[in-house]
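Have a look at upload-v4.cif below; it lists mmCIF, C-alpha atoms, pLDDT in the B column; chains and numbers go by the auth columns.
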data_upload
#
loop_
_atom_site.group_PDB
_atom_site.id
_atom_site.type_symbol
_atom_site.label_atom_id
_atom_site.label_comp_id
_atom_site.label_asym_id
_atom_site.label_seq_id
_atom_site.Cartn_x
_atom_site.Cartn_y
_atom_site.Cartn_z
_atom_site.B_iso_or_equiv
_atom_site.auth_seq_id
_atom_site.auth_asym_id
ATOM 1 C CA LYS A 1 0.000 0.000 0.000 54.00 1 L
ATOM 2 C CA ASN A 2 2.810 2.443 0.880 59.00 2 L
ATOM 3 C CA ALA A 3 4.694 1.437 -2.242 55.00 3 L
ATOM 4 C CA LEU A 4 1.626 2.125 -4.349 51.00 4 L
ATOM 5 C CA ARG A 5 1.156 5.507 -2.708 58.00 5 L
ATOM 6 C CA LEU A 6 4.849 6.319 -3.271 55.00 6 L
ATOM 7 C CA VAL A 7 4.605 5.397 -6.981 53.00 7 L
ATOM 8 C CA ASP A 8 1.435 7.491 -7.367 61.00 8 L
ATOM 9 C CA LEU A 9 3.039 10.443 -5.563 61.00 9 L
ATOM 10 C CA HIS A 10 6.208 10.133 -7.668 64.00 10 L
ATOM 11 C CA GLY A 11 4.111 9.977 -10.891 65.00 11 L
ATOM 12 C CA THR A 12 2.116 13.066 -9.869 73.00 12 L
ATOM 13 C CA THR A 13 5.324 14.938 -9.082 74.00 13 L
ATOM 14 C CA GLU A 14 6.711 14.033 -12.525 77.00 14 L
ATOM 15 C CA LYS A 15 3.502 15.164 -14.220 77.00 15 L
ATOM 16 C CA LEU A 16 3.586 18.422 -12.280 73.00 16 L
ATOM 17 C CA LYS A 17 7.208 18.980 -13.262 83.00 17 L
ATOM 18 C CA ARG A 18 6.406 18.323 -16.950 83.00 18 L
ATOM 19 C CA LEU A 19 3.415 20.679 -16.808 82.00 19 L
ATOM 20 C CA ARG A 20 5.563 23.373 -15.177 87.00 20 L
ATOM 21 C CA ASP A 21 8.259 22.944 -17.844 91.00 21 L
ATOM 22 C CA ARG A 22 5.676 23.126 -20.626 89.00 22 L
ATOM 23 C CA ALA A 23 4.017 26.200 -19.067 91.00 23 L
ATOM 24 C CA SER A 24 7.393 27.843 -18.545 92.00 24 L
ATOM 25 C CA HIS A 25 8.333 27.189 -22.167 93.00 25 L
ATOM 26 C CA ALA A 26 4.967 28.522 -23.405 92.00 26 L
ATOM 27 C CA LEU A 27 5.359 31.603 -21.202 93.00 27 L
ATOM 28 C CA SER A 28 8.856 32.337 -22.539 93.00 28 L
ATOM 29 C CA SER A 29 7.567 31.815 -26.092 93.00 29 L
ATOM 30 C CA TRP A 30 4.753 34.320 -25.463 93.00 30 L
ATOM 31 C CA ARG A 31 7.193 36.794 -23.938 94.00 31 L
ATOM 32 C CA GLU A 32 9.386 36.504 -27.033 95.00 32 L
ATOM 33 C CA LYS A 33 6.370 37.022 -29.315 93.00 33 L
ATOM 34 C CA LEU A 34 5.270 40.046 -27.273 92.00 34 L
ATOM 35 C CA GLN A 35 8.765 41.497 -27.458 94.00 35 L
ATOM 36 C CA GLN A 36 8.804 41.039 -31.248 93.00 36 L
ATOM 37 C CA ALA A 37 5.366 42.654 -31.479 91.00 37 L
ATOM 38 C CA ASP A 38 6.548 45.600 -29.361 91.00 38 L
ATOM 39 C CA GLU A 39 9.602 46.002 -31.606 92.00 39 L
ATOM 40 C CA SER A 40 7.383 45.895 -34.703 88.00 40 L
ATOM 41 C CA VAL A 41 5.081 48.523 -33.220 88.00 41 L
ATOM 42 C CA ALA A 42 8.085 50.699 -32.362 90.00 42 L
ATOM 43 C CA ARG A 43 9.436 50.360 -35.926 84.00 43 L
ATOM 44 C CA ALA A 44 6.003 51.172 -37.346 81.00 44 L
ATOM 45 C CA GLU A 45 5.723 54.239 -35.103 85.00 45 L
ATOM 46 C CA GLU A 46 9.213 55.354 -36.138 84.00 46 L
ATOM 47 C CA LEU A 47 8.334 54.864 -39.812 77.00 47 L
ATOM 48 C CA LYS A 48 5.069 56.740 -39.306 79.00 48 L
ATOM 49 C CA GLU A 49 6.853 59.690 -37.697 83.00 49 L
ATOM 50 C CA LYS A 50 9.511 59.700 -40.404 80.00 50 L
ATOM 51 C CA SER A 51 6.839 59.590 -43.122 76.00 51 L
ATOM 52 C CA LYS A 52 4.937 62.366 -41.386 81.00 52 L
ATOM 53 C CA ALA A 53 8.051 64.553 -41.233 84.00 53 L
ATOM 54 C CA THR A 54 8.812 63.810 -44.904 81.00 54 L
ATOM 55 C CA MET A 55 5.284 64.701 -45.958 80.00 55 L
ATOM 56 C CA ASN A 56 5.395 67.921 -43.932 86.00 56 L
ATOM 57 C CA SER A 57 8.698 68.853 -45.541 86.00 57 L
ATOM 58 C CA MET A 58 7.312 68.075 -48.990 84.00 58 L
ATOM 59 C CA ARG A 59 4.191 70.119 -48.315 87.00 59 L
ATOM 60 C CA ASP A 60 6.224 73.080 -47.063 90.00 60 L
ATOM 61 C CA SER A 61 8.535 73.157 -50.075 87.00 61 L
ATOM 62 C CA TYR A 62 5.613 72.640 -52.460 86.00 62 L
ATOM 63 C CA PHE A 63 3.655 75.534 -50.999 89.00 63 L
ATOM 64 C CA LYS A 64 6.757 77.761 -50.978 90.00 64 L
ATOM 65 C CA GLU A 65 7.209 77.083 -54.668 87.00 65 L
ATOM 66 C CA LEU A 66 3.518 77.760 -55.344 88.00 66 L
ATOM 67 C CA LEU A 67 3.804 81.031 -53.456 90.00 67 L
ATOM 68 C CA MET A 68 6.833 82.029 -55.526 89.00 68 L
ATOM 69 C CA LEU A 69 5.011 81.171 -58.755 88.00 69 L
ATOM 70 C CA LYS A 70 2.014 83.237 -57.695 90.00 70 L
ATOM 71 C CA GLU A 71 4.361 86.129 -56.923 91.00 71 L
ATOM 72 C CA GLN A 72 5.920 85.804 -60.379 89.00 72 L
ATOM 73 C CA LEU A 73 2.462 85.888 -61.984 89.00 73 L
ATOM 74 C CA HIS A 74 1.633 89.000 -59.991 91.00 74 L
ATOM 75 C CA ARG A 75 4.890 90.669 -61.061 90.00 75 L
ATOM 76 C CA LYS A 76 4.276 89.664 -64.686 89.00 76 L
ATOM 77 C CA HIS A 77 0.822 91.220 -64.574 90.00 77 L
ATOM 78 C CA ASP A 78 2.215 94.424 -63.037 91.00 78 L
ATOM 79 C CA SER A 79 5.034 94.594 -65.599 89.00 79 L
ATOM 80 C CA GLU A 80 2.670 94.072 -68.515 88.00 80 L
ATOM 81 C CA ALA A 81 0.314 96.715 -67.112 90.00 81 L
ATOM 82 C CA ALA A 82 3.255 99.129 -66.950 89.00 82 L
ATOM 83 C CA GLY A 83 4.240 98.224 -70.522 87.00 83 L
ATOM 84 C CA HIS A 84 7.424 96.379 -69.556 87.00 84 L
ATOM 85 C CA GLU A 85 8.467 92.917 -70.559 85.00 85 L
ATOM 86 C CA TYR A 86 8.754 90.449 -67.683 82.00 86 L
ATOM 87 C CA HIS A 87 11.024 87.407 -67.567 81.00 87 L
ATOM 88 C CA ALA A 88 10.228 84.884 -64.860 80.00 88 L
ATOM 89 C CA ALA A 89 13.053 83.274 -62.937 79.00 89 L
ATOM 90 C CA ASP A 90 13.423 79.512 -63.097 77.00 90 L
ATOM 91 C CA VAL A 91 13.201 78.563 -59.451 74.00 91 L
ATOM 92 C CA SER A 92 12.521 75.083 -58.172 77.00 92 L
ATOM 93 C CA ILE A 93 12.220 74.434 -54.454 77.00 93 L
ATOM 94 C CA PHE A 94 10.113 71.289 -54.527 75.00 94 L
ATOM 95 C CA ASP A 95 11.887 68.285 -56.032 75.00 95 L
ATOM 96 C CA PRO A 96 10.082 64.977 -55.446 69.00 96 L
ATOM 97 C CA THR A 97 13.233 63.021 -56.254 68.00 97 L
ATOM 98 C CA ASP A 98 14.752 64.334 -53.012 74.00 98 L
ATOM 99 C CA TYR A 99 12.353 62.180 -51.023 71.00 99 L
ATOM 100 C CA VAL A 100 12.407 58.430 -50.378 67.00 100 L
ATOM 101 C CA PHE A 101 9.224 56.437 -50.915 63.00 101 L
ATOM 102 C CA ASP A 102 8.113 52.821 -50.912 65.00 102 L
ATOM 103 C CA ASP A 103 9.180 50.940 -54.028 67.00 103 L
ATOM 104 C CA ASP A 104 5.900 51.174 -55.966 65.00 104 L
ATOM 105 C CA ILE A 105 5.146 54.771 -55.065 64.00 105 L
ATOM 106 C CA GLY A 106 8.781 55.717 -55.542 65.00 106 L
ATOM 107 C CA LYS A 107 8.847 54.305 -59.068 72.00 107 L
ATOM 108 C CA ILE A 108 5.720 56.213 -60.058 71.00 108 L
ATOM 109 C CA VAL A 109 6.926 59.464 -58.508 68.00 109 L
ATOM 110 C CA LYS A 110 10.374 59.117 -60.091 74.00 110 L
ATOM 111 C CA GLN A 111 8.825 58.424 -63.505 79.00 111 L
ATOM 112 C CA LYS A 112 6.625 61.498 -63.156 78.00 112 L
ATOM 113 C CA ALA A 113 9.585 63.561 -61.985 77.00 113 L
ATOM 114 C CA MET A 114 11.657 62.398 -64.956 83.00 114 L
ATOM 115 C CA LEU A 115 8.828 63.327 -67.315 85.00 115 L
ATOM 116 C CA LEU A 116 8.568 66.767 -65.728 83.00 116 L
ATOM 117 C CA GLU A 117 12.334 67.200 -65.927 84.00 117 L
ATOM 118 C CA MET A 118 12.307 66.291 -69.623 88.00 118 L
ATOM 119 C CA LYS A 119 9.508 68.797 -70.278 88.00 119 L
ATOM 120 C CA TRP A 120 11.329 71.455 -68.271 84.00 120 L
ATOM 121 C CA GLU A 121 14.598 70.786 -70.093 87.00 121 L
ATOM 122 C CA ALA A 122 12.845 71.009 -73.487 89.00 122 L
ATOM 123 C CA LYS A 123 11.221 74.299 -72.460 88.00 123 L
ATOM 124 C CA ARG A 124 14.547 75.597 -71.121 86.00 124 L
ATOM 125 C CA LYS A 125 16.274 74.740 -74.405 89.00 125 L
ATOM 126 C CA GLN A 126 13.485 76.448 -76.311 88.00 126 L
ATOM 127 C CA MET A 127 13.810 79.552 -74.134 87.00 127 L
ATOM 128 C CA ALA A 128 17.611 79.452 -74.462 88.00 128 L
ATOM 129 C CA GLY A 129 17.222 79.321 -78.253 88.00 129 L
ATOM 130 C CA LEU A 130 14.855 82.289 -78.166 88.00 130 L
ATOM 131 C CA CYS A 131 17.243 84.216 -75.951 86.00 131 L
ATOM 132 C CA GLN A 132 20.151 83.397 -78.245 89.00 132 L
ATOM 133 C CA GLN A 133 18.088 84.568 -81.216 89.00 133 L
ATOM 134 C CA ARG A 134 17.274 87.822 -79.406 89.00 134 L
ATOM 135 C CA VAL A 135 20.928 88.336 -78.510 89.00 135 L
ATOM 136 C CA SER A 136 21.863 87.767 -82.157 89.00 136 L
ATOM 137 C CA ASP A 137 19.201 90.246 -83.304 89.00 137 L
ATOM 138 C CA VAL A 138 20.325 92.864 -80.782 89.00 138 L
ATOM 139 C CA THR A 139 23.973 92.305 -81.734 90.00 139 L
ATOM 140 C CA LEU A 140 23.099 92.724 -85.429 90.00 140 L
ATOM 141 C CA ARG A 141 21.125 95.892 -84.685 90.00 141 L
ATOM 142 C CA LEU A 142 23.960 97.207 -82.544 90.00 142 L
ATOM 143 C CA GLY A 143 26.417 96.575 -85.386 88.00 143 L
ATOM 144 C CA SER A 144 24.110 98.383 -87.810 88.00 144 L
ATOM 145 C CA MET A 145 23.728 101.309 -85.415 87.00 145 L
ATOM 146 C CA ARG A 146 27.492 101.547 -84.927 87.00 146 L
ATOM 147 C CA MET A 147 28.010 101.533 -88.651 86.00 147 L
ATOM 148 C CA LEU A 148 25.397 104.299 -89.064 86.00 148 L
ATOM 149 C CA CYS A 149 27.037 106.327 -86.288 86.00 149 L
ATOM 150 C CA GLU A 150 30.448 105.948 -87.940 83.00 150 L
ATOM 151 C CA ARG A 151 29.040 107.099 -91.289 82.00 151 L
ATOM 152 C CA LYS A 152 27.336 110.011 -89.578 80.00 152 L
ATOM 153 C CA ASP A 153 30.626 110.986 -87.938 79.00 153 L
ATOM 154 C CA ILE A 154 32.415 110.798 -91.315 77.00 154 L
ATOM 155 C CA LEU A 155 29.864 113.076 -92.960 69.00 155 L
#
How would this structure read if it were set down as C-alpha coordinates?
Amino acid sequence: KNALRLVDLHGTTEKLKRLRDRASHALSSWREKLQQADESVARAEELKEKSKATMNSMRDSYFKELLMLKEQLHRKHDSEAAGHEYHAADVSIFDPTDYVFDDDIGKIVKQKAMLLEMKWEAKRKQMAGLCQQRVSDVTLRLGSMRMLCERKDIL
(Lines of atoms letter the chains of each structure in order from A and count residues from 1; the text may use other names and numbers.)
(Lines give C-alpha, C1' and ligand atoms only; values in the text may rest on other atoms or scores of the structure.)
Protein backbone atom coordinates (compact mmCIF):
# COMPACT_ATOMS: atom_id res chain seq x y z
CA LYS A 1 0.00 0.00 0.00
CA ASN A 2 2.81 2.44 0.88
CA ALA A 3 4.69 1.44 -2.24
CA LEU A 4 1.63 2.13 -4.35
CA ARG A 5 1.16 5.51 -2.71
CA LEU A 6 4.85 6.32 -3.27
CA VAL A 7 4.60 5.40 -6.98
CA ASP A 8 1.43 7.49 -7.37
CA LEU A 9 3.04 10.44 -5.56
CA HIS A 10 6.21 10.13 -7.67
CA GLY A 11 4.11 9.98 -10.89
CA THR A 12 2.12 13.07 -9.87
CA THR A 13 5.32 14.94 -9.08
CA GLU A 14 6.71 14.03 -12.53
CA LYS A 15 3.50 15.16 -14.22
CA LEU A 16 3.59 18.42 -12.28
CA LYS A 17 7.21 18.98 -13.26
CA ARG A 18 6.41 18.32 -16.95
CA LEU A 19 3.41 20.68 -16.81
CA ARG A 20 5.56 23.37 -15.18
CA ASP A 21 8.26 22.94 -17.84
CA ARG A 22 5.68 23.13 -20.63
CA ALA A 23 4.02 26.20 -19.07
CA SER A 24 7.39 27.84 -18.54
CA HIS A 25 8.33 27.19 -22.17
CA ALA A 26 4.97 28.52 -23.40
CA LEU A 27 5.36 31.60 -21.20
CA SER A 28 8.86 32.34 -22.54
CA SER A 29 7.57 31.81 -26.09
CA TRP A 30 4.75 34.32 -25.46
CA ARG A 31 7.19 36.79 -23.94
CA GLU A 32 9.39 36.50 -27.03
CA LYS A 33 6.37 37.02 -29.32
CA LEU A 34 5.27 40.05 -27.27
CA GLN A 35 8.76 41.50 -27.46
CA GLN A 36 8.80 41.04 -31.25
CA ALA A 37 5.37 42.65 -31.48
CA ASP A 38 6.55 45.60 -29.36
CA GLU A 39 9.60 46.00 -31.61
CA SER A 40 7.38 45.89 -34.70
CA VAL A 41 5.08 48.52 -33.22
CA ALA A 42 8.09 50.70 -32.36
CA ARG A 43 9.44 50.36 -35.93
CA ALA A 44 6.00 51.17 -37.35
CA GLU A 45 5.72 54.24 -35.10
CA GLU A 46 9.21 55.35 -36.14
CA LEU A 47 8.33 54.86 -39.81
CA LYS A 48 5.07 56.74 -39.31
CA GLU A 49 6.85 59.69 -37.70
CA LYS A 50 9.51 59.70 -40.40
CA SER A 51 6.84 59.59 -43.12
CA LYS A 52 4.94 62.37 -41.39
CA ALA A 53 8.05 64.55 -41.23
CA THR A 54 8.81 63.81 -44.90
CA MET A 55 5.28 64.70 -45.96
CA ASN A 56 5.39 67.92 -43.93
CA SER A 57 8.70 68.85 -45.54
CA MET A 58 7.31 68.08 -48.99
CA ARG A 59 4.19 70.12 -48.32
CA ASP A 60 6.22 73.08 -47.06
CA SER A 61 8.53 73.16 -50.08
CA TYR A 62 5.61 72.64 -52.46
CA PHE A 63 3.66 75.53 -51.00
CA LYS A 64 6.76 77.76 -50.98
CA GLU A 65 7.21 77.08 -54.67
CA LEU A 66 3.52 77.76 -55.34
CA LEU A 67 3.80 81.03 -53.46
CA MET A 68 6.83 82.03 -55.53
CA LEU A 69 5.01 81.17 -58.76
CA LYS A 70 2.01 83.24 -57.69
CA GLU A 71 4.36 86.13 -56.92
CA GLN A 72 5.92 85.80 -60.38
CA LEU A 73 2.46 85.89 -61.98
CA HIS A 74 1.63 89.00 -59.99
CA ARG A 75 4.89 90.67 -61.06
CA LYS A 76 4.28 89.66 -64.69
CA HIS A 77 0.82 91.22 -64.57
CA ASP A 78 2.21 94.42 -63.04
CA SER A 79 5.03 94.59 -65.60
CA GLU A 80 2.67 94.07 -68.52
CA ALA A 81 0.31 96.71 -67.11
CA ALA A 82 3.25 99.13 -66.95
CA GLY A 83 4.24 98.22 -70.52
CA HIS A 84 7.42 96.38 -69.56
CA GLU A 85 8.47 92.92 -70.56
CA TYR A 86 8.75 90.45 -67.68
CA HIS A 87 11.02 87.41 -67.57
CA ALA A 88 10.23 84.88 -64.86
CA ALA A 89 13.05 83.27 -62.94
CA ASP A 90 13.42 79.51 -63.10
CA VAL A 91 13.20 78.56 -59.45
CA SER A 92 12.52 75.08 -58.17
CA ILE A 93 12.22 74.43 -54.45
CA PHE A 94 10.11 71.29 -54.53
CA ASP A 95 11.89 68.28 -56.03
CA PRO A 96 10.08 64.98 -55.45
CA THR A 97 13.23 63.02 -56.25
CA ASP A 98 14.75 64.33 -53.01
CA TYR A 99 12.35 62.18 -51.02
CA VAL A 100 12.41 58.43 -50.38
CA PHE A 101 9.22 56.44 -50.92
CA ASP A 102 8.11 52.82 -50.91
CA ASP A 103 9.18 50.94 -54.03
CA ASP A 104 5.90 51.17 -55.97
CA ILE A 105 5.15 54.77 -55.07
CA GLY A 106 8.78 55.72 -55.54
CA LYS A 107 8.85 54.31 -59.07
CA ILE A 108 5.72 56.21 -60.06
CA VAL A 109 6.93 59.46 -58.51
CA LYS A 110 10.37 59.12 -60.09
CA GLN A 111 8.83 58.42 -63.51
CA LYS A 112 6.62 61.50 -63.16
CA ALA A 113 9.58 63.56 -61.98
CA MET A 114 11.66 62.40 -64.96
CA LEU A 115 8.83 63.33 -67.31
CA LEU A 116 8.57 66.77 -65.73
CA GLU A 117 12.33 67.20 -65.93
CA MET A 118 12.31 66.29 -69.62
CA LYS A 119 9.51 68.80 -70.28
CA TRP A 120 11.33 71.45 -68.27
CA GLU A 121 14.60 70.79 -70.09
CA ALA A 122 12.85 71.01 -73.49
CA LYS A 123 11.22 74.30 -72.46
CA ARG A 124 14.55 75.60 -71.12
CA LYS A 125 16.27 74.74 -74.41
CA GLN A 126 13.48 76.45 -76.31
CA MET A 127 13.81 79.55 -74.13
CA ALA A 128 17.61 79.45 -74.46
CA GLY A 129 17.22 79.32 -78.25
CA LEU A 130 14.85 82.29 -78.17
CA CYS A 131 17.24 84.22 -75.95
CA GLN A 132 20.15 83.40 -78.25
CA GLN A 133 18.09 84.57 -81.22
CA ARG A 134 17.27 87.82 -79.41
CA VAL A 135 20.93 88.34 -78.51
CA SER A 136 21.86 87.77 -82.16
CA ASP A 137 19.20 90.25 -83.30
CA VAL A 138 20.32 92.86 -80.78
CA THR A 139 23.97 92.31 -81.73
CA LEU A 140 23.10 92.72 -85.43
CA ARG A 141 21.13 95.89 -84.69
CA LEU A 142 23.96 97.21 -82.54
CA GLY A 143 26.42 96.58 -85.39
CA SER A 144 24.11 98.38 -87.81
CA MET A 145 23.73 101.31 -85.42
CA ARG A 146 27.49 101.55 -84.93
CA MET A 147 28.01 101.53 -88.65
CA LEU A 148 25.40 104.30 -89.06
CA CYS A 149 27.04 106.33 -86.29
CA GLU A 150 30.45 105.95 -87.94
CA ARG A 151 29.04 107.10 -91.29
CA LYS A 152 27.34 110.01 -89.58
CA ASP A 153 30.63 110.99 -87.94
CA ILE A 154 32.42 110.80 -91.32
CA LEU A 155 29.86 113.08 -92.96
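With all atoms listed in the file as the atoms that count, the residue of L:Thr13, L:Asn56, L:Ser92, L:Gln35 with the shortest distance to Glu117 (chain L) is L:Ser92.
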With all atoms listed in the file as the counted atoms, please give the residues lying no more than 12 Å from Asp60 (chain L), apart from itself and same-chain residues fewer than 5 positions off, as a PyMOL selection string. chain L and resi 53-55+65-67+93-95
Q.
What does the structure give for the distance between CA of Val91 (chain L) and CA of Gln133 (chain L), in Å to one decimal?
A.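 Between CA of Val91 (chain L) and CA of Gln133 (chain L) the gap is 23.1 Å.
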### Query
Using the chain letters and numbers from the file, which residues does the PyMOL selection byres ((chain L and resi 87) around 12) grab, as a PyMOL selection string?
chain L and resi 72-73+75-77+79-80+84-86+88-90+127+131
Axis-aligned box for all listed atoms of region 29-35 of chain L, 8 Å per side, centre and edges in Å to one decimal, as lines of an AutoDock Vina configuration file:
center_x = 7.1
center_y = 36.7
center_z = -26.6
size_x = 20.6
size_y = 25.7
size_z = 21.4
- Quick one: pull the distance between CA of Tyr99 (chain L) and CA of Lys48 (chain L), Å, one decimal.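 Straight-line distance from CA of Tyr99 (chain L) to CA of Lys48 (chain L) works out to 14.8 Å.
For the pair CA of Ser57 (chain L) and CA of Asp98 (chain L), the separation is 10.6 Å.
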